[in-house]
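**Q** What follows is coords23.pdb; its format and atoms are PDB, C-alpha atoms.
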```pdb
ATOM      1  CA  MET A  15     168.055 131.189 134.322
ATOM      2  CA  ILE A  16     168.784 131.672 130.633
ATOM      3  CA  TRP A  17     167.147 135.114 130.692
ATOM      4  CA  PHE A  18     169.270 136.047 133.708
ATOM      5  CA  ALA A  19     172.422 135.036 131.828
ATOM      6  CA  VAL A  20     171.296 136.896 128.699
ATOM      7  CA  LEU A  21     170.486 140.142 130.525
ATOM      8  CA  ALA A  22     173.290 140.181 133.099
ATOM      9  CA  GLY A  23     175.804 139.117 130.441
ATOM     10  CA  SER A  24     174.621 141.875 128.125
ATOM     11  CA  LEU A  25     174.655 144.541 130.831
ATOM     12  CA  GLY A  26     178.221 143.674 131.851
ATOM     13  CA  CYS A  27     179.482 143.596 128.265
ATOM     14  CA  TYR A  28     177.906 147.012 127.635
ATOM     15  CA  LEU A  29     179.385 148.521 130.795
ATOM     16  CA  GLU A  30     182.838 147.242 129.776
ATOM     17  CA  LYS A  31     182.495 149.144 126.501
ATOM     18  CA  LEU A  32     181.156 152.262 128.234
ATOM     19  CA  LEU A  33     183.842 152.232 130.924
ATOM     20  CA  GLY A  34     186.485 152.706 128.249
ATOM     21  CA  TYR A  35     185.022 156.121 127.413
ATOM     22  CA  PHE A  36     185.389 157.282 131.029
ATOM     23  CA  LEU A  37     188.735 155.832 132.113
ATOM     24  CA  PRO A  38     191.924 157.863 131.680
ATOM     25  CA  ARG A  39     193.896 156.948 128.590
ATOM     26  CA  SER A  40     196.926 156.095 130.730
ATOM     27  CA  VAL A  41     195.289 152.698 131.438
ATOM     28  CA  LEU A  42     196.005 151.845 127.808
ATOM     29  CA  GLU A  43     199.682 152.631 128.316
ATOM     30  CA  ASN A  44     199.973 150.122 131.162
ATOM     31  CA  GLU A  45     202.011 147.252 129.718
ATOM     32  CA  GLY A  46     200.458 144.614 132.018
ATOM     33  CA  VAL A  47     196.887 145.590 131.143
ATOM     34  CA  ARG A  48     197.679 145.447 127.423
ATOM     35  CA  ARG A  49     199.319 142.046 127.686
ATOM     36  CA  VAL A  50     196.421 140.506 129.618
ATOM     37  CA  ALA A  51     193.896 142.056 127.214
ATOM     38  CA  GLY A  52     195.757 140.526 124.277
ATOM     39  CA  LEU A  53     196.230 137.076 125.801
ATOM     40  CA  LEU A  54     192.849 136.604 127.505
ATOM     41  CA  PRO A  55     190.786 136.110 124.324
ATOM     42  CA  VAL A  56     193.368 133.626 123.002
ATOM     43  CA  ALA A  57     193.323 131.444 126.119
ATOM     44  CA  LEU A  58     189.527 131.571 126.453
ATOM     45  CA  LEU A  59     188.745 130.925 122.782
ATOM     46  CA  ALA A  60     191.223 128.026 122.654
ATOM     47  CA  ALA A  61     189.630 126.550 125.789
ATOM     48  CA  LEU A  62     186.183 126.918 124.228
ATOM     49  CA  VAL A  63     187.381 125.174 121.046
ATOM     50  CA  ALA A  64     188.748 122.273 123.095
ATOM     51  CA  VAL A  65     185.752 121.872 125.400
ATOM     52  CA  GLN A  66     183.147 122.240 122.658
ATOM     53  CA  THR A  67     184.989 119.646 120.562
ATOM     54  CA  PHE A  68     185.647 116.970 123.181
ATOM     55  CA  ALA A  69     183.311 117.440 126.145
ATOM     56  CA  VAL A  70     179.905 115.897 126.713
ATOM     57  CA  GLY A  71     179.039 117.197 130.158
ATOM     58  CA  GLN A  72     182.080 116.223 132.246
ATOM     59  CA  THR A  73     183.167 113.375 129.986
ATOM     60  CA  LEU A  74     185.731 113.681 127.197
ATOM     61  CA  VAL A  75     184.830 111.861 123.974
ATOM     62  CA  ILE A  76     185.994 111.718 120.367
ATOM     63  CA  ASP A  77     183.103 112.014 117.933
ATOM     64  CA  ALA A  78     182.126 113.625 114.643
ATOM     65  CA  ARG A  79     182.775 117.089 116.085
ATOM     66  CA  LEU A  80     186.546 116.438 115.845
ATOM     67  CA  ALA A  81     186.242 115.731 112.121
ATOM     68  CA  GLY A  82     184.217 118.933 111.829
ATOM     69  CA  LEU A  83     186.966 120.865 113.606
ATOM     70  CA  ALA A  84     189.632 119.402 111.310
ATOM     71  CA  ALA A  85     187.578 120.471 108.291
ATOM     72  CA  ALA A  86     187.229 123.952 109.798
ATOM     73  CA  VAL A  87     191.015 124.241 110.215
ATOM     74  CA  ILE A  88     191.531 123.236 106.583
ATOM     75  CA  ALA A  89     189.005 125.878 105.537
ATOM     76  CA  LEU A  90     190.836 128.479 107.642
ATOM     77  CA  VAL A  91     194.207 127.557 106.123
ATOM     78  CA  LEU A  92     192.561 128.059 102.714
ATOM     79  CA  ARG A  93     191.416 131.501 103.934
ATOM     80  CA  ALA A  94     187.717 130.704 103.713
ATOM     81  CA  PRO A  95     185.306 133.294 105.186
ATOM     82  CA  PHE A  96     183.697 132.726 108.575
ATOM     83  CA  LEU A  97     180.380 131.305 107.370
ATOM     84  CA  VAL A  98     182.122 128.813 105.071
ATOM     85  CA  VAL A  99     184.316 127.605 107.957
ATOM     86  CA  VAL A 100     181.281 126.998 110.150
ATOM     87  CA  VAL A 101     179.205 125.349 107.408
ATOM     88  CA  VAL A 102     182.085 123.079 106.330
ATOM     89  CA  ALA A 103     182.431 121.849 109.921
ATOM     90  CA  ALA A 104     178.703 121.227 110.284
ATOM     91  CA  VAL A 105     178.386 119.446 106.933
ATOM     92  CA  THR A 106     181.430 117.249 107.670
ATOM     93  CA  ALA A 107     180.021 116.151 111.021
ATOM     94  CA  ALA A 108     176.521 115.645 109.613
ATOM     95  CA  ALA A 109     177.852 113.610 106.664
ATOM     96  CA  LEU A 110     179.893 111.342 108.947
ATOM     97  CA  ARG A 111     176.839 110.709 111.107
ATOM     98  CA  ALA A 112     174.596 110.111 108.104
ATOM     99  CA  THR A 113     176.994 107.430 106.848
ATOM    100  CA  GLY A 114     177.116 105.890 110.305
ATOM    101  CA  ILE A 115     180.859 106.470 110.771
ATOM    102  CA  GLY A 116     180.633 109.138 113.456
ATOM    103  CA  THR A 117     178.358 109.468 116.429
TER     104      THR A 117
ATOM    105  CA  MET B  10     179.906 167.830 113.427
ATOM    106  CA  SER B  11     181.762 169.211 110.409
ATOM    107  CA  SER B  12     183.002 166.779 107.814
ATOM    108  CA  SER B  13     184.341 169.386 105.400
ATOM    109  CA  ASP B  14     187.893 168.049 105.402
ATOM    110  CA  LEU B  15     186.843 164.541 104.335
ATOM    111  CA  HIS B  16     186.832 164.186 100.562
ATOM    112  CA  PRO B  17     183.549 162.734  99.160
ATOM    113  CA  SER B  18     185.346 159.914  97.326
ATOM    114  CA  HIS B  19     187.231 159.016 100.491
ATOM    115  CA  ARG B  20     183.928 159.073 102.379
ATOM    116  CA  ARG B  21     182.287 156.790  99.783
ATOM    117  CA  ARG B  22     185.197 154.348  99.885
ATOM    118  CA  ILE B  23     184.899 154.077 103.658
ATOM    119  CA  THR B  24     181.126 153.620 103.455
ATOM    120  CA  SER B  25     181.368 150.796 100.921
ATOM    121  CA  GLY B  26     184.042 149.114 103.056
ATOM    122  CA  ALA B  27     181.737 149.416 106.043
ATOM    123  CA  VAL B  28     178.860 147.802 104.163
ATOM    124  CA  GLY B  29     181.148 144.984 103.016
ATOM    125  CA  ILE B  30     182.215 144.284 106.591
ATOM    126  CA  GLY B  31     178.556 144.444 107.635
ATOM    127  CA  LEU B  32     177.587 141.840 105.038
ATOM    128  CA  ALA B  33     180.379 139.485 106.128
ATOM    129  CA  THR B  34     179.371 139.917 109.756
ATOM    130  CA  GLY B  35     175.721 139.361 108.848
ATOM    131  CA  ALA B  36     176.649 135.959 107.457
ATOM    132  CA  TYR B  37     178.419 135.259 110.717
ATOM    133  CA  GLY B  38     175.298 136.433 112.601
ATOM    134  CA  LEU B  39     173.383 133.785 110.689
ATOM    135  CA  SER B  40     175.561 131.080 112.225
ATOM    136  CA  PHE B  41     175.263 132.685 115.660
ATOM    137  CA  GLY B  42     171.462 132.655 115.439
ATOM    138  CA  ALA B  43     171.416 129.010 114.418
ATOM    139  CA  ILE B  44     173.978 127.884 117.013
ATOM    140  CA  SER B  45     172.274 129.799 119.824
ATOM    141  CA  VAL B  46     168.900 128.174 119.160
ATOM    142  CA  ALA B  47     170.602 124.788 118.801
ATOM    143  CA  SER B  48     172.183 125.407 122.228
ATOM    144  CA  GLY B  49     168.747 125.720 123.808
ATOM    145  CA  LEU B  50     168.015 129.458 123.784
ATOM    146  CA  THR B  51     164.753 130.728 122.315
ATOM    147  CA  ALA B  52     164.778 132.922 119.217
ATOM    148  CA  LEU B  53     163.818 135.893 121.410
ATOM    149  CA  GLN B  54     166.679 135.279 123.864
ATOM    150  CA  THR B  55     169.043 134.901 120.909
ATOM    151  CA  GLN B  56     167.879 138.162 119.351
ATOM    152  CA  THR B  57     168.116 139.970 122.696
ATOM    153  CA  LEU B  58     171.788 138.981 122.890
ATOM    154  CA  SER B  59     172.509 140.424 119.451
ATOM    155  CA  LEU B  60     170.565 143.618 120.203
ATOM    156  CA  LEU B  61     172.037 144.256 123.671
ATOM    157  CA  MET B  62     175.323 142.378 124.109
ATOM    158  CA  PHE B  63     176.403 142.968 120.496
ATOM    159  CA  THR B  64     179.858 141.413 120.660
ATOM    160  CA  GLY B  65     180.196 138.136 118.802
ATOM    161  CA  GLY B  66     182.843 136.333 120.847
ATOM    162  CA  SER B  67     180.988 136.905 124.117
ATOM    163  CA  GLN B  68     177.670 135.907 122.561
ATOM    164  CA  PHE B  69     179.076 132.628 121.223
ATOM    165  CA  ALA B  70     180.750 131.989 124.594
ATOM    166  CA  LEU B  71     177.561 132.626 126.562
ATOM    167  CA  VAL B  72     175.430 130.262 124.483
ATOM    168  CA  GLY B  73     178.268 127.726 124.278
ATOM    169  CA  VAL B  74     178.663 127.509 128.048
ATOM    170  CA  LEU B  75     174.883 127.461 128.631
ATOM    171  CA  GLY B  76     174.448 124.784 125.957
ATOM    172  CA  ALA B  77     177.131 122.637 127.601
ATOM    173  CA  GLY B  78     175.217 122.802 130.899
ATOM    174  CA  GLY B  79     177.627 125.280 132.450
ATOM    175  CA  GLY B  80     175.154 127.376 134.406
ATOM    176  CA  ALA B  81     174.387 131.087 134.273
ATOM    177  CA  VAL B  82     177.275 132.394 136.385
ATOM    178  CA  ALA B  83     180.009 130.627 134.421
ATOM    179  CA  ALA B  84     178.367 131.705 131.163
ATOM    180  CA  ILE B  85     178.151 135.340 132.284
ATOM    181  CA  LEU B  86     181.751 135.438 133.545
ATOM    182  CA  THR B  87     183.108 133.925 130.334
ATOM    183  CA  ALA B  88     181.176 136.462 128.262
ATOM    184  CA  TRP B  89     182.459 139.325 130.419
ATOM    185  CA  LEU B  90     186.080 138.164 130.218
ATOM    186  CA  LEU B  91     185.880 137.918 126.438
ATOM    187  CA  GLY B  92     184.173 141.302 126.254
ATOM    188  CA  ALA B  93     186.870 143.060 128.283
ATOM    189  CA  ARG B  94     188.833 143.795 125.115
ATOM    190  CA  ASN B  95     186.003 146.082 123.954
ATOM    191  CA  GLY B  96     186.847 148.316 126.906
ATOM    192  CA  MET B  97     190.388 148.599 125.528
ATOM    193  CA  TYR B  98     188.950 149.502 122.119
ATOM    194  CA  ALA B  99     186.770 152.158 123.770
ATOM    195  CA  LEU B 100     189.836 153.626 125.487
ATOM    196  CA  SER B 101     191.628 153.917 122.170
ATOM    197  CA  MET B 102     188.560 155.319 120.366
ATOM    198  CA  ALA B 103     187.638 157.955 122.962
ATOM    199  CA  PRO B 104     190.113 160.686 121.844
ATOM    200  CA  THR B 105     189.139 160.233 118.175
ATOM    201  CA  LEU B 106     185.374 160.151 118.634
ATOM    202  CA  GLN B 107     185.141 162.964 121.243
ATOM    203  CA  VAL B 108     181.615 161.875 122.154
ATOM    204  CA  THR B 109     179.447 162.998 125.057
ATOM    205  CA  GLY B 110     175.891 162.386 126.262
ATOM    206  CA  LEU B 111     173.681 160.103 124.190
ATOM    207  CA  ARG B 112     176.257 159.820 121.424
ATOM    208  CA  ARG B 113     178.684 158.388 123.956
ATOM    209  CA  LEU B 114     176.119 155.770 125.027
ATOM    210  CA  ALA B 115     175.581 154.839 121.360
ATOM    211  CA  ALA B 116     179.289 154.824 120.558
ATOM    212  CA  ALA B 117     179.884 152.456 123.483
ATOM    213  CA  GLU B 118     177.398 149.904 122.132
ATOM    214  CA  LEU B 119     179.044 150.025 118.682
ATOM    215  CA  THR B 120     182.594 149.638 120.056
ATOM    216  CA  ILE B 121     183.596 146.209 118.740
ATOM    217  CA  ASP B 122     186.434 144.574 116.755
ATOM    218  CA  GLU B 123     185.169 145.689 113.342
ATOM    219  CA  SER B 124     184.329 149.351 114.032
ATOM    220  CA  THR B 125     187.585 149.893 115.924
ATOM    221  CA  ALA B 126     189.679 148.209 113.238
ATOM    222  CA  MET B 127     188.063 150.303 110.473
ATOM    223  CA  ALA B 128     188.618 153.531 112.427
ATOM    224  CA  LEU B 129     192.260 152.632 113.074
ATOM    225  CA  ALA B 130     192.698 151.782 109.382
ATOM    226  CA  HIS B 131     191.556 155.317 108.387
ATOM    227  CA  PRO B 132     193.406 157.563 110.862
ATOM    228  CA  ASP B 133     193.679 160.620 108.641
ATOM    229  CA  PRO B 134     191.856 163.014 108.675
ATOM    230  CA  PRO B 135     190.129 162.423 112.043
ATOM    231  CA  ASP B 136     186.777 162.799 110.275
ATOM    232  CA  ALA B 137     187.625 159.708 108.233
ATOM    233  CA  ALA B 138     188.247 157.708 111.400
ATOM    234  CA  ARG B 139     184.957 158.909 112.893
ATOM    235  CA  HIS B 140     183.066 158.174 109.694
ATOM    236  CA  ALA B 141     184.635 154.702 109.518
ATOM    237  CA  PHE B 142     183.730 153.964 113.144
ATOM    238  CA  TRP B 143     180.071 155.006 112.891
ATOM    239  CA  ARG B 144     179.390 153.578 109.430
ATOM    240  CA  THR B 145     181.005 150.247 110.269
ATOM    241  CA  GLY B 146     179.380 150.055 113.693
ATOM    242  CA  LEU B 147     175.900 150.789 112.344
ATOM    243  CA  SER B 148     176.265 148.543 109.310
ATOM    244  CA  VAL B 149     177.471 145.639 111.461
ATOM    245  CA  TYR B 150     174.745 146.282 114.062
ATOM    246  CA  VAL B 151     171.932 146.135 111.516
ATOM    247  CA  LEU B 152     173.245 143.170 109.528
ATOM    248  CA  TRP B 153     174.435 141.197 112.570
ATOM    249  CA  ASN B 154     170.929 141.449 114.015
ATOM    250  CA  LEU B 155     169.290 140.603 110.704
ATOM    251  CA  GLY B 156     171.580 137.579 110.332
ATOM    252  CA  THR B 157     170.803 136.499 113.886
ATOM    253  CA  LEU B 158     167.063 136.684 113.211
ATOM    254  CA  LEU B 159     167.272 134.567 110.057
ATOM    255  CA  GLY B 160     169.622 132.028 111.654
ATOM    256  CA  ALA B 161     167.507 131.697 114.796
ATOM    257  CA  LEU B 162     164.250 131.284 112.888
ATOM    258  CA  GLY B 163     165.917 128.823 110.497
ATOM    259  CA  ALA B 164     167.311 126.682 113.299
ATOM    260  CA  ALA B 165     164.028 126.830 115.215
ATOM    261  CA  ALA B 166     162.296 125.435 112.105
ATOM    262  CA  ILE B 167     164.593 122.412 111.847
ATOM    263  CA  GLY B 168     164.844 119.595 114.342
ATOM    264  CA  ASP B 169     167.755 117.914 116.108
ATOM    265  CA  PRO B 170     170.905 120.073 115.898
ATOM    266  CA  ALA B 171     173.241 117.063 115.833
ATOM    267  CA  THR B 172     171.692 115.774 112.583
ATOM    268  CA  LEU B 173     172.779 118.947 110.839
ATOM    269  CA  GLY B 174     176.141 118.999 112.575
ATOM    270  CA  LEU B 175     175.302 122.236 114.403
ATOM    271  CA  ASP B 176     177.134 120.942 117.486
ATOM    272  CA  ALA B 177     180.271 120.747 115.330
ATOM    273  CA  ALA B 178     179.626 124.299 114.107
ATOM    274  CA  ILE B 179     180.231 125.613 117.647
ATOM    275  CA  PRO B 180     183.947 124.716 117.977
ATOM    276  CA  ALA B 181     184.362 125.780 114.334
ATOM    277  CA  ALA B 182     182.980 129.228 115.194
ATOM    278  CA  PHE B 183     185.402 129.522 118.109
ATOM    279  CA  ILE B 184     188.435 128.452 116.109
ATOM    280  CA  ALA B 185     187.489 130.924 113.359
ATOM    281  CA  LEU B 186     187.492 133.671 116.010
ATOM    282  CA  LEU B 187     190.787 132.400 117.444
ATOM    283  CA  TRP B 188     192.653 131.863 114.161
ATOM    284  CA  PRO B 189     193.505 135.504 113.298
ATOM    285  CA  ARG B 190     194.939 135.969 116.806
ATOM    286  CA  LEU B 191     197.484 133.133 116.467
ATOM    287  CA  VAL B 192     200.105 135.485 115.075
ATOM    288  CA  ASP B 193     203.225 134.243 116.893
ATOM    289  CA  ARG B 194     204.629 131.464 119.072
ATOM    290  CA  THR B 195     203.528 133.152 122.283
ATOM    291  CA  MET B 196     199.905 133.171 121.113
ATOM    292  CA  TRP B 197     200.128 129.521 120.025
ATOM    293  CA  ALA B 198     201.645 128.576 123.384
ATOM    294  CA  VAL B 199     198.919 130.408 125.311
ATOM    295  CA  ALA B 200     196.222 128.846 123.111
ATOM    296  CA  LEU B 201     197.562 125.299 123.549
ATOM    297  CA  ALA B 202     198.016 125.788 127.298
ATOM    298  CA  GLY B 203     194.494 127.199 127.606
ATOM    299  CA  ALA B 204     193.025 124.260 125.696
ATOM    300  CA  ALA B 205     195.056 121.738 127.742
ATOM    301  CA  VAL B 206     194.020 123.262 131.080
ATOM    302  CA  ALA B 207     190.345 123.288 130.064
ATOM    303  CA  LEU B 208     190.417 119.651 128.933
ATOM    304  CA  ALA B 209     192.342 118.498 132.017
ATOM    305  CA  LEU B 210     189.785 120.147 134.307
ATOM    306  CA  THR B 211     186.684 119.033 132.390
ATOM    307  CA  PRO B 212     186.242 115.730 134.298
ATOM    308  CA  VAL B 213     186.660 117.386 137.714
ATOM    309  CA  LEU B 214     184.895 120.749 137.444
ATOM    310  CA  ARG B 215     181.333 121.717 136.525
ATOM    311  CA  PRO B 216     180.875 122.559 132.832
ATOM    312  CA  GLY B 217     181.823 126.180 132.183
ATOM    313  CA  LEU B 218     184.425 126.402 134.933
ATOM    314  CA  PRO B 219     187.272 124.748 132.948
ATOM    315  CA  VAL B 220     187.034 127.558 130.370
ATOM    316  CA  LEU B 221     187.210 130.195 133.101
ATOM    317  CA  ALA B 222     190.233 128.410 134.584
ATOM    318  CA  ALA B 223     191.910 128.674 131.190
ATOM    319  CA  GLY B 224     191.634 132.442 131.581
ATOM    320  CA  LEU B 225     194.197 132.096 134.382
ATOM    321  CA  VAL B 226     196.657 130.836 131.771
ATOM    322  CA  ALA B 227     196.502 134.282 130.159
ATOM    323  CA  LEU B 228     197.204 135.977 133.490
ATOM    324  CA  ILE B 229     200.157 133.685 134.249
ATOM    325  CA  ALA B 230     201.550 134.115 130.723
ATOM    326  CA  ALA B 231     201.263 137.903 131.024
ATOM    327  CA  MET B 232     203.153 137.821 134.332
ATOM    328  CA  LEU B 233     205.893 135.605 132.860
ATOM    329  CA  MET B 234     206.250 137.945 129.882
ATOM    330  CA  GLY B 235     206.501 140.887 132.253
ATOM    331  CA  ARG B 236     209.472 139.323 133.992
ATOM    332  CA  ARG B 237     211.300 138.613 130.734
ATOM    333  CA  PRO B 238     213.256 141.552 129.298
TER     334      PRO B 238
END
```
Just give me the structure of the file as structure tokens.
**A**
Amino acid sequence: MIWFAVLAGSLGCYLEKLLGYFLPRSVLENEGVRRVAGLLPVALLAALVAVQTFAVGQTLVIDARLAGLAAAVIALVLRAPFLVVVVVAAVTAAALRATGIGT
Amino acid sequence: MSSSDLHPSHRRRITSGAVGIGLATGAYGLSFGAISVASGLTALQTQTLSLLMFTGGSQFALVGVLGAGGGAVAAILTAWLLGARNGMYALSMAPTLQVTGLRRLAAAELTIDESTAMALAHPDPPDAARHAFWRTGLSVYVLWNLGTLLGALGAAAIGDPATLGLDAAIPAAFIALLWPRLVDRTMWAVALAGAAVALALTPVLRPGLPVLAAGLVALIAAMLMGRRP
């Protein structure tokens, strides 16, 4: 099942890229298409942030991941590069768990 | 293809910029490799994603949804929706690159945020844009895959992901991808609405589906904006 997701996901993502080289440029001038293309990543990424922070299966919980997310936001405000943001979040969550504060 | 009208110093400046972006992306590939393995994919599956899918947001989304127990279909759809923007990049790159045949197939694979942004940042002369696109695309491709390999092997060597906080690295990766897009109130509103919809639906829908439902927020917001003058 994971291989199916990996291969079908990859094929679709490639075809999306390729399609752009065959479609007429007027598609780009369509205001509705441009708006959706701009807003879709924002809505999806925000949803992924929320779900990956609070969900365990179908249950919502508050655990060390939230502290990790807060640390990541601070790193972003301080203009830290991507890897630093991710590592800061991981270290914060790991440290809280190691001290027994978070779960 | 002639590159006579691109000055050598200009060419060098673009190349070094491309390598710099590649190095930064390689570091980000490191975290993708680690997170993917921590989400339950094998190192080979992880590497296959970086070699074939080659678009970070979709790759993180696919492993995130799979890791959360979301099932293959939800994972695939989320990856596709996030990857749709690459099609828009391809549309805007096509007149500049003027590629056909095998070069078009290769250009398509390398059409991502970084290569498009570098090409758009060097519009003049057109050779500069082409050079920026190919150099950045290739540099990111090589280093993203190298980073993925190291991250995947590293994470496979260590034990429980939660001990190292790798589960907390996943939302951090997503917010780092989201952050540069939160440029105005509309984007913030769409982001907050998307997050709220996904959380509200989490207890009632299978994992993976709440994120897809949040995609509807973007469609509704786009329609509302269309109606406003």
**Q** Would you kindly return, as a PDB file with C-alpha atoms, in the frame of the given file, each protein, DNA or RNA residue with an atom no farther than 10 Å from any atom of segment 142-146 of chain B, considering all atoms listed in the file and excluding same-chain residues fewer than 5 positions away?
**A**
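Ended up saving to part36.pdb:
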```
ATOM      1  CA  ILE B  23     184.899 154.077 103.658  1.00  0.00           C
ATOM      2  CA  THR B  24     181.126 153.620 103.455  1.00  0.00           C
ATOM      3  CA  SER B  25     181.368 150.796 100.921  1.00  0.00           C
ATOM      4  CA  GLY B  26     184.042 149.114 103.056  1.00  0.00           C
ATOM      5  CA  ALA B  27     181.737 149.416 106.043  1.00  0.00           C
ATOM      6  CA  VAL B  28     178.860 147.802 104.163  1.00  0.00           C
ATOM      7  CA  GLY B  29     181.148 144.984 103.016  1.00  0.00           C
ATOM      8  CA  ILE B  30     182.215 144.284 106.591  1.00  0.00           C
ATOM      9  CA  GLY B  31     178.556 144.444 107.635  1.00  0.00           C
ATOM     10  CA  MET B 102     188.560 155.319 120.366  1.00  0.00           C
ATOM     11  CA  THR B 105     189.139 160.233 118.175  1.00  0.00           C
ATOM     12  CA  LEU B 106     185.374 160.151 118.634  1.00  0.00           C
ATOM     13  CA  ALA B 115     175.581 154.839 121.360  1.00  0.00           C
ATOM     14  CA  ALA B 116     179.289 154.824 120.558  1.00  0.00           C
ATOM     15  CA  GLU B 118     177.398 149.904 122.132  1.00  0.00           C
ATOM     16  CA  LEU B 119     179.044 150.025 118.682  1.00  0.00           C
ATOM     17  CA  THR B 120     182.594 149.638 120.056  1.00  0.00           C
ATOM     18  CA  ILE B 121     183.596 146.209 118.740  1.00  0.00           C
ATOM     19  CA  ASP B 122     186.434 144.574 116.755  1.00  0.00           C
ATOM     20  CA  GLU B 123     185.169 145.689 113.342  1.00  0.00           C
ATOM     21  CA  SER B 124     184.329 149.351 114.032  1.00  0.00           C
ATOM     22  CA  THR B 125     187.585 149.893 115.924  1.00  0.00           C
ATOM     23  CA  ALA B 126     189.679 148.209 113.238  1.00  0.00           C
ATOM     24  CA  MET B 127     188.063 150.303 110.473  1.00  0.00           C
ATOM     25  CA  ALA B 128     188.618 153.531 112.427  1.00  0.00           C
ATOM     26  CA  LEU B 129     192.260 152.632 113.074  1.00  0.00           C
ATOM     27  CA  ALA B 130     192.698 151.782 109.382  1.00  0.00           C
ATOM     28  CA  HIS B 131     191.556 155.317 108.387  1.00  0.00           C
ATOM     29  CA  ASP B 136     186.777 162.799 110.275  1.00  0.00           C
ATOM     30  CA  ALA B 137     187.625 159.708 108.233  1.00  0.00           C
ATOM     31  CA  VAL B 151     171.932 146.135 111.516  1.00  0.00           C
TER      32      VAL B 151
END
```
**Q** Selection in question (the file shown): the PyMOL selection byres ((chain A and resi 64) around 8). Which residues does it include, as a ChimeraX atom specification?
**A** /A:60-63,65-69 /B:180,204-205,207-208
**Q** Determine the residue membership of the PyMOL selection byres ((chain B and resi 229-235) around 10) for the file above and supply it as a list in words.
**A** Glu45, Gly46, Val47, Arg48, Arg49, Val50, Ala51, Gly52, Leu53, Leu54 and Ala57 of chain A; Thr195, Met196, Ala198, Val199, Ala202, Gly224, Leu225, Val226, Ala227, Leu228, Arg236, Arg237 and Pro238 of chain B
**Q** Enter the distance from atom CA of Tyr150 of chain B to atom CA of Leu91 of chain B, in Å, rounded to one decimal.
**A**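 For atom CA of Tyr150 of chain B relative to atom CA of Leu91 of chain B, the distance reads 18.6 Å.
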**Q** Work out how far atom CA of Arg79 of chain A is from atom CA of Asp176 of chain B, in Å to one decimal.
**A**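 Result for atom CA of Asp176 of chain B versus atom CA of Arg79 of chain A: 7.0 Å, one decimal.
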**Q** Pro219 of chain B: which residues within 7 Å, counting only C-alpha atoms, same-chain residues fewer than 5 positions away excluded, as a list of chain:residue names?
**A**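 In the requested format, the answer is B:Ala207, B:Leu210, B:Thr211, B:Leu214.
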**Q** For the file shown, report as a list in words the outcome of the PyMOL selection byres ((chain B and resi 55) around 8) at residue level.
**A**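 Output from the PyMOL selection byres ((chain B and resi 55) around 8), applied to this file: Gly42, Ser45, Val46, Leu50, Thr51, Ala52, Leu53, Gln54, Gln56, Thr57, Leu58, Ser59, Thr157 and Ala161 of chain B.
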**Q** Neighbourhood query: residues within 8 Å of (178.9, 119.7, 135.3), file coordinates, counting all atoms listed in the file; return as JSON, numbers by chain.
**A** {"A": [71, 72], "B": [78, 79, 214, 215, 216, 217]}
**Q** What is the distance between atom CA of Ala209 of chain B and atom CA of Leu59 of chain A, in Å to one decimal?
**A**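 These two atoms are separated by 15.9 Å.
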**Q** I'd like the neighbourhood of segment 108-111 of chain A as a list in words, where a residue qualifies if any of its atoms comes within 10 Å (using only C-alpha atoms), though same-chain residues fewer than 6 positions away should be ignored.
**A**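 Selected residues are Asp77, Ala78, Arg79, Ala81, Gly82, Val102 and Thr117 of chain A; Pro170, Ala171, Thr172, Leu173, Gly174, Leu175, Asp176 and Ala177 of chain B.
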**Q** I'd like the contact shell of Ser24 of chain A - 10 Å cut-off, all atoms listed in the file, skipping same-chain residues fewer than 2 positions apart - returned as a list in words.
**A** Phe18, Ala19, Val20, Leu21, Ala22, Gly26, Cys27, Tyr28, Leu29 and Glu30 of chain A; Thr57, Leu58, Ser59, Leu60, Leu61, Met62, Phe63, Thr64, Ser67, Gln68, Leu71, Ile85, Ala88, Trp89 and Gly92 of chain B
**Q** Which residue out of B:Ala47, B:Ala99, B:Trp153, B:Leu32 has the minimum interatomic distance to chain A when all atoms listed in the file are used?
**A**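 Answer, going by the shortest atom-to-atom distance: B:Ala99.
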**Q** Write out as AutoDock Vina command-line options an axis-aligned box for segment 118-132 of chain B: all of its atoms listed in the file, 6 Å added on each side, centre and edge lengths in Å with one decimal.
**A**
```
--center_x 185.4 --center_y 151.1 --center_z 115.3 --size_x 28.0 --size_y 25.0 --size_z 25.7
```
**Q** Using only C-alpha atoms, find all polymer residues with an atom at most 10 Å away from the point (183.2, 133.1, 108.0); report them as an mmCIF file with C-alpha atoms, in the frame of the given file.
**A**
```cif
data_model
loop_
_atom_site.group_PDB
_atom_site.id
_atom_site.type_symbol
_atom_site.label_atom_id
_atom_site.label_comp_id
_atom_site.auth_asym_id
_atom_site.auth_seq_id
_atom_site.Cartn_x
_atom_site.Cartn_y
_atom_site.Cartn_z
ATOM 1 C CA ALA A 89 189.005 125.878 105.537
ATOM 2 C CA LEU A 90 190.836 128.479 107.642
ATOM 3 C CA ARG A 93 191.416 131.501 103.934
ATOM 4 C CA ALA A 94 187.717 130.704 103.713
ATOM 5 C CA PRO A 95 185.306 133.294 105.186
ATOM 6 C CA PHE A 96 183.697 132.726 108.575
ATOM 7 C CA LEU A 97 180.380 131.305 107.370
ATOM 8 C CA VAL A 98 182.122 128.813 105.071
ATOM 9 C CA VAL A 99 184.316 127.605 107.957
ATOM 10 C CA VAL A 100 181.281 126.998 110.150
ATOM 11 C CA VAL A 101 179.205 125.349 107.408
ATOM 12 C CA ALA B 33 180.379 139.485 106.128
ATOM 13 C CA THR B 34 179.371 139.917 109.756
ATOM 14 C CA GLY B 35 175.721 139.361 108.848
ATOM 15 C CA ALA B 36 176.649 135.959 107.457
ATOM 16 C CA TYR B 37 178.419 135.259 110.717
ATOM 17 C CA GLY B 38 175.298 136.433 112.601
ATOM 18 C CA SER B 40 175.561 131.080 112.225
ATOM 19 C CA ALA B 181 184.362 125.780 114.334
ATOM 20 C CA ALA B 182 182.980 129.228 115.194
ATOM 21 C CA ALA B 185 187.489 130.924 113.359
ATOM 22 C CA LEU B 186 187.492 133.671 116.010
#
```
